[in-house]
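Undergrad: Quick one, my_file.cif (mmCIF, C-alpha atoms):
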```cif
data_input
loop_
_atom_site.group_PDB
_atom_site.id
_atom_site.type_symbol
_atom_site.label_atom_id
_atom_site.label_comp_id
_atom_site.auth_asym_id
_atom_site.auth_seq_id
_atom_site.Cartn_x
_atom_site.Cartn_y
_atom_site.Cartn_z
ATOM 1 C CA MET A 1 0.000 0.000 0.000
ATOM 2 C CA THR A 2 2.768 2.456 0.842
ATOM 3 C CA THR A 3 5.635 1.749 -1.493
ATOM 4 C CA VAL A 4 8.088 3.841 -3.450
ATOM 5 C CA GLY A 5 7.344 1.876 -6.600
ATOM 6 C CA PHE A 6 10.787 0.609 -7.595
ATOM 7 C CA GLY A 7 9.247 -2.635 -8.848
ATOM 8 C CA ASP A 8 11.518 -4.969 -6.884
ATOM 9 C CA GLY A 9 8.726 -7.466 -6.437
ATOM 10 C CA TYR A 10 5.536 -7.585 -8.413
ATOM 11 C CA PRO A 11 2.908 -10.193 -9.253
ATOM 12 C CA SER A 12 3.327 -11.936 -12.578
ATOM 13 C CA THR A 13 0.157 -14.061 -12.729
ATOM 14 C CA HIS A 14 -3.412 -12.868 -13.159
ATOM 15 C CA LEU A 15 -4.372 -14.185 -9.725
ATOM 16 C CA GLY A 16 -1.440 -12.314 -8.142
ATOM 17 C CA ARG A 17 -2.392 -9.071 -9.915
ATOM 18 C CA PHE A 18 -5.997 -9.496 -8.792
ATOM 19 C CA ILE A 19 -4.894 -10.002 -5.178
ATOM 20 C CA GLY A 20 -2.625 -6.939 -5.529
ATOM 21 C CA VAL A 21 -5.539 -4.772 -6.730
ATOM 22 C CA ILE A 22 -7.744 -6.029 -3.890
ATOM 23 C CA ALA A 23 -4.938 -5.286 -1.396
ATOM 24 C CA CYS A 24 -4.640 -1.721 -2.769
ATOM 25 C CA ILE A 25 -8.384 -1.131 -2.440
ATOM 26 C CA ILE A 26 -8.448 -2.495 1.126
ATOM 27 C CA GLY A 27 -5.427 -0.324 1.983
ATOM 28 C CA MET A 28 -7.162 2.807 0.665
ATOM 29 C CA LEU A 29 -10.289 1.953 2.658
ATOM 30 C CA LEU A 30 -8.255 1.479 5.842
ATOM 31 C CA VAL A 31 -6.424 4.786 5.388
ATOM 32 C CA SER A 32 -9.681 6.639 4.649
ATOM 33 C CA LEU A 33 -11.331 5.096 7.727
ATOM 34 C CA MET A 34 -8.389 6.227 9.863
ATOM 35 C CA VAL A 35 -8.609 9.769 8.480
ATOM 36 C CA VAL A 36 -12.363 9.952 9.081
ATOM 37 C CA SER A 37 -12.075 8.587 12.613
ATOM 38 C CA LEU A 38 -9.311 11.055 13.499
ATOM 39 C CA THR A 39 -11.341 13.921 12.035
ATOM 40 C CA VAL A 40 -14.426 12.954 14.044
ATOM 41 C CA ALA A 41 -12.360 12.533 17.206
ATOM 42 C CA SER A 42 -10.816 15.989 16.847
ATOM 43 C CA GLU A 43 -14.077 17.882 16.221
ATOM 44 C CA PHE A 44 -15.599 19.977 18.988
ATOM 45 C CA THR A 45 -18.847 18.991 20.608
ATOM 46 C CA PRO A 46 -21.452 21.806 20.649
ATOM 47 C CA GLU A 47 -20.586 22.596 24.273
ATOM 48 C CA GLU A 48 -16.843 22.672 23.516
ATOM 49 C CA SER A 49 -17.487 24.848 20.484
ATOM 50 C CA LYS A 50 -19.498 27.311 22.560
ATOM 51 C CA ALA A 51 -16.772 27.420 25.230
ATOM 52 C CA PHE A 52 -14.112 27.932 22.545
ATOM 53 C CA PHE A 53 -16.013 30.890 21.067
ATOM 54 C CA ILE A 54 -16.486 32.405 24.533
ATOM 55 C CA LEU A 55 -12.753 32.112 25.265
ATOM 56 C CA LYS A 56 -11.920 33.510 21.857
ATOM 57 C CA ARG A 57 -14.215 36.496 22.471
ATOM 58 C CA ILE A 58 -12.726 37.091 25.932
ATOM 59 C CA TYR A 59 -9.162 37.053 24.564
ATOM 60 C CA ALA A 60 -10.136 39.355 21.689
ATOM 61 C CA ASN A 61 -11.817 41.808 24.088
ATOM 62 C CA ASP A 62 -8.792 41.767 26.398
ATOM 63 C CA ASP A 63 -6.526 42.446 23.443
ATOM 64 C CA ALA A 64 -8.742 45.334 22.310
ATOM 65 C CA LYS A 65 -8.709 46.786 25.855
ATOM 66 C CA GLU A 66 -4.916 46.578 25.907
ATOM 67 C CA LYS A 67 -4.723 48.426 22.581
ATOM 68 C CA ALA A 68 -7.157 51.078 23.873
ATOM 69 C CA ALA A 69 -4.956 51.556 26.941
ATOM 70 C CA ASN A 70 -1.944 52.037 24.659
ATOM 71 C CA VAL A 71 -3.850 54.714 22.729
ATOM 72 C CA VAL A 72 -4.678 56.560 25.972
ATOM 73 C CA LYS A 73 -1.057 56.339 27.151
ATOM 74 C CA THR A 74 0.159 57.744 23.855
ATOM 75 C CA ILE A 75 -2.355 60.598 24.057
ATOM 76 C CA PHE A 76 -1.038 61.558 27.494
ATOM 77 C CA LYS A 77 2.578 61.389 26.304
ATOM 78 C CA LEU A 78 1.726 63.503 23.253
ATOM 79 C CA ARG A 79 -0.097 66.012 25.447
ATOM 80 C CA ARG A 80 2.937 66.277 27.742
ATOM 81 C CA VAL A 81 5.180 66.991 24.729
ATOM 82 C CA VAL A 82 2.733 69.509 23.269
ATOM 83 C CA ARG A 83 2.504 71.431 26.550
ATOM 84 C CA THR A 84 6.238 72.073 26.609
ATOM 85 C CA LYS A 85 7.162 75.469 25.198
ATOM 86 C CA ASP A 86 10.344 74.179 23.588
ATOM 87 C CA VAL A 87 10.432 74.904 19.857
ATOM 88 C CA ASN A 88 12.906 72.082 19.225
ATOM 89 C CA LYS A 89 10.288 69.479 20.207
ATOM 90 C CA THR A 90 8.432 69.621 16.859
ATOM 91 C CA VAL A 91 10.097 66.443 15.641
ATOM 92 C CA GLU A 92 9.208 64.679 18.867
ATOM 93 C CA LYS A 93 5.625 65.939 18.545
ATOM 94 C CA PHE A 94 5.472 64.559 15.023
ATOM 95 C CA VAL A 95 6.844 61.192 16.182
ATOM 96 C CA TRP A 96 4.257 60.913 18.978
ATOM 97 C CA LEU A 97 1.465 61.958 16.637
ATOM 98 C CA THR A 98 2.535 59.289 14.147
ATOM 99 C CA LYS A 99 2.630 56.685 16.940
ATOM 100 C CA LEU A 100 -0.841 57.781 18.023
ATOM 101 C CA LYS A 101 -2.256 57.386 14.517
ATOM 102 C CA LYS A 102 -0.699 53.926 14.201
ATOM 103 C CA GLN A 103 -2.018 52.798 17.595
ATOM 104 C CA ILE A 104 -5.502 54.093 16.777
ATOM 105 C CA ALA A 105 -5.471 52.085 13.552
ATOM 106 C CA VAL A 106 -4.331 48.958 15.448
ATOM 107 C CA PHE A 107 -7.041 49.501 18.063
ATOM 108 C CA LYS A 108 -9.745 49.902 15.393
ATOM 109 C CA ASN A 109 -8.641 46.665 13.767
ATOM 110 C CA ASP A 110 -8.579 44.746 17.071
ATOM 111 C CA TYR A 111 -11.936 46.227 18.089
ATOM 112 C CA ARG A 112 -13.444 45.100 14.780
ATOM 113 C CA ILE A 113 -12.006 41.614 15.285
ATOM 114 C CA ALA A 114 -13.289 41.475 18.884
ATOM 115 C CA ASN A 115 -16.800 42.422 17.784
ATOM 116 C CA SER A 116 -16.772 39.872 14.980
ATOM 117 C CA GLN A 117 -16.097 37.105 17.547
ATOM 118 C CA ASN A 118 -19.320 37.735 19.435
ATOM 119 C CA LEU A 119 -21.569 35.003 18.045
ATOM 120 C CA PRO A 120 -20.984 31.409 17.042
ATOM 121 C CA VAL A 121 -21.970 30.429 13.531
ATOM 122 C CA ASP A 122 -25.246 28.749 14.502
ATOM 123 C CA GLU A 123 -26.451 31.847 16.371
ATOM 124 C CA MET A 124 -25.361 34.068 13.473
ATOM 125 C CA LEU A 125 -27.341 31.899 11.055
ATOM 126 C CA LYS A 126 -30.374 31.999 13.349
ATOM 127 C CA ASN A 127 -30.202 35.807 13.525
ATOM 128 C CA LEU A 128 -29.766 36.001 9.772
ATOM 129 C CA GLN A 129 -32.803 33.779 9.256
ATOM 130 C CA GLU A 130 -34.897 36.002 11.552
ATOM 131 C CA LYS A 131 -33.729 39.102 9.694
ATOM 132 C CA LEU A 132 -34.569 37.532 6.343
ATOM 133 C CA GLU A 133 -38.023 36.534 7.585
ATOM 134 C CA ASN A 134 -38.648 40.099 8.773
ATOM 135 C CA ASP A 135 -37.467 41.488 5.434
ATOM 136 C CA ILE A 136 -39.715 39.066 3.542
ATOM 137 C CA ASN A 137 -42.699 40.096 5.683
ATOM 138 C CA ASP A 138 -41.937 43.772 4.997
ATOM 139 C CA ILE A 139 -41.768 43.087 1.268
ATOM 140 C CA LYS A 140 -45.057 41.169 1.428
ATOM 141 C CA ARG A 141 -46.733 44.149 3.129
ATOM 142 C CA GLU A 142 -45.384 46.472 0.451
ATOM 143 C CA VAL A 143 -46.530 44.171 -2.346
ATOM 144 C CA VAL A 144 -50.019 43.979 -0.831
ATOM 145 C CA ALA A 145 -50.115 47.788 -0.730
ATOM 146 C CA ILE A 146 -49.277 48.125 -4.459
ATOM 147 C CA PRO A 147 -52.866 47.726 -5.765
ATOM 148 C CA GLU A 148 -54.107 50.318 -3.268
ATOM 149 C CA LEU A 149 -51.354 52.734 -4.320
ATOM 150 C CA ASP A 150 -52.174 52.062 -7.968
ATOM 151 C CA SER A 151 -55.826 52.900 -7.371
ATOM 152 C CA ARG A 152 -54.833 56.125 -5.551
ATOM 153 C CA CYS A 153 -52.552 57.114 -8.433
ATOM 154 C CA THR A 154 -55.341 56.447 -10.924
ATOM 155 C CA ALA A 155 -57.753 58.552 -8.831
ATOM 156 C CA LEU A 156 -55.228 61.408 -8.708
ATOM 157 C CA ARG A 157 -54.718 61.216 -12.470
ATOM 158 C CA ASP A 158 -58.460 61.298 -13.043
ATOM 159 C CA ARG A 159 -58.842 64.414 -10.846
ATOM 160 C CA GLN A 160 -56.207 66.298 -12.824
#
```
In structure tokens, write the structure found in this file.
TA:
Amino acid sequence: MTTVGFGDGYPSTHLGRFIGVIACIIGMLLVSLMVVSLTVASEFTPEESKAFFILKRIYANDDAKEKAANVVKTIFKLRRVVRTKDVNKTVEKFVWLTKLKKQIAVFKNDYRIANSQNLPVDEMLKNLQEKLENDINDIKREVVAIPELDSRCTALRDRQ
């Protein structure tokens, strides 16, 4: 089943070739069964999946809070530099302002990631289904109102 294929030994009769083909098929089945069983064994149960998403959200929120704290620290350092009356500090002001812009961008990215981790896929799909049902009901109400609007438009045209 797992050979390099140098051809050192090979079947020469039809019965030997047939047995070789059967052995290859059984080998592929065994390997595929092993892969499937390992995949099933490594999947999360629904409870584990929920706990994993909660931990992921907690870590993402903590990371976003850390980035927000860095932004606040940089603002205070920039404010301290700006308050000095020294004219030679313009380069330092520019450096702190650049750091502030970079940290704000990093915080926005981490905040977006933290908010995207809020719901597991099944809850997201459930919310999406509810939203679609509401949208469909709104469209149905609008479609039902079309004949009434058409009659009003016709009445307005007749009056003019």
Undergrad: Pick out the closest residue to Asn109 (chain A) from this set: A:Arg159, A:Arg152, A:Lys89, A:Lys67. Count only C-alpha atoms.
TA: A:Lys67
Undergrad: Between A:Ala69, A:Ile136, A:Ile113, A:Phe94, which one has atoms that come closest to Val81 (chain A), using only C-alpha atoms?
TA: A:Phe94
Undergrad: Once 3 Å is added on each side, what are the centre and the three edge lengths, in Å to one decimal, of the axis-aligned box enclosing the listed atoms of region 123-131 of chain A? Present them as AutoDock Vina command-line options.
TA:
```
--center_x -30.1 --center_y 35.5 --center_z 12.8 --size_x 15.5 --size_y 13.3 --size_z 13.1
```
Undergrad: What is the CA of Leu128 (chain A)-CA of Ser42 (chain A) distance in Å, reported with one decimal?
TA: 28.5 Å
Undergrad: Quick one: apply the PyMOL selection byres ((chain A and resi 50-52) around 12) to the file and drop the selected residues here as JSON, numbers by chain.
TA: {"A": [43, 44, 45, 46, 47, 48, 49, 53, 54, 55, 56, 57, 58, 59, 117, 118, 119, 120, 121, 122, 123]}
Undergrad: Between A:Lys126, A:Arg157, A:Arg112, A:His14, which one has atoms that come closest to Ala60 (chain A), using only C-alpha atoms?
TA: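 That would be A:Arg112, the residue with the smallest distance to Ala60 (chain A).
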Undergrad: Can you tell me how far CA of Lys65 (chain A) sits from CA of Leu100 (chain A), in Å to one decimal?
TA: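 One can read the CA of Lys65 (chain A) to CA of Leu100 (chain A) distance as 15.6 Å.
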Undergrad: Rank nothing, just name the residue among A:Leu15, A:Val143, A:Met124, A:Ile104 nearest to Ile75 (chain A), using all atoms listed in the file.
TA: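 Of A:Leu15, A:Val143, A:Met124, A:Ile104, the one nearest Ile75 (chain A) is A:Ile104, counting all atoms listed in the file.
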Undergrad: Can you measure CA of Lys93 (chain A) to CA of Lys77 (chain A) for me? One decimal in Å is fine.
TA: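 About the pair CA of Lys93 (chain A) and CA of Lys77 (chain A): they are 9.5 Å apart.
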Undergrad: Could you pull the residues within 10 Å of region 20-29 of chain A, counting only C-alpha atoms, minus those fewer than 3 positions along the same chain, as a list in words?
TA: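 Residues meeting the cut-off are Met1, Thr2, Tyr10, Pro11, His14, Leu15, Gly16, Arg17, Ser32, Leu33, Met34 and Val35 of chain A.
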Undergrad: List the neighbours of Val82 (chain A) out to 12 Å using all atoms listed in the file; skip same-chain residues closer than 3 positions along the sequence, and give me the result as JSON, numbers by chain.
TA: {"A": [75, 76, 77, 78, 79, 85, 86, 87, 88, 89, 90, 91, 92, 93, 94, 95, 96, 97]}
Undergrad: Which one of A:Asn115, A:Thr154, A:Thr13, A:Asn70 sits closest to Lys102 (chain A) if you count all atoms listed in the file?
TA: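 Of A:Asn115, A:Thr154, A:Thr13, A:Asn70, the one nearest Lys102 (chain A) is A:Asn70, counting all atoms listed in the file.
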Undergrad: Taking only C-alpha atoms into account, name the residue in A:Ile139, A:Thr74, A:Tyr111, A:Thr84 that is nearest to Asp62 (chain A).
TA: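 Of A:Ile139, A:Thr74, A:Tyr111, A:Thr84, the one nearest Asp62 (chain A) is A:Tyr111, counting only C-alpha atoms.
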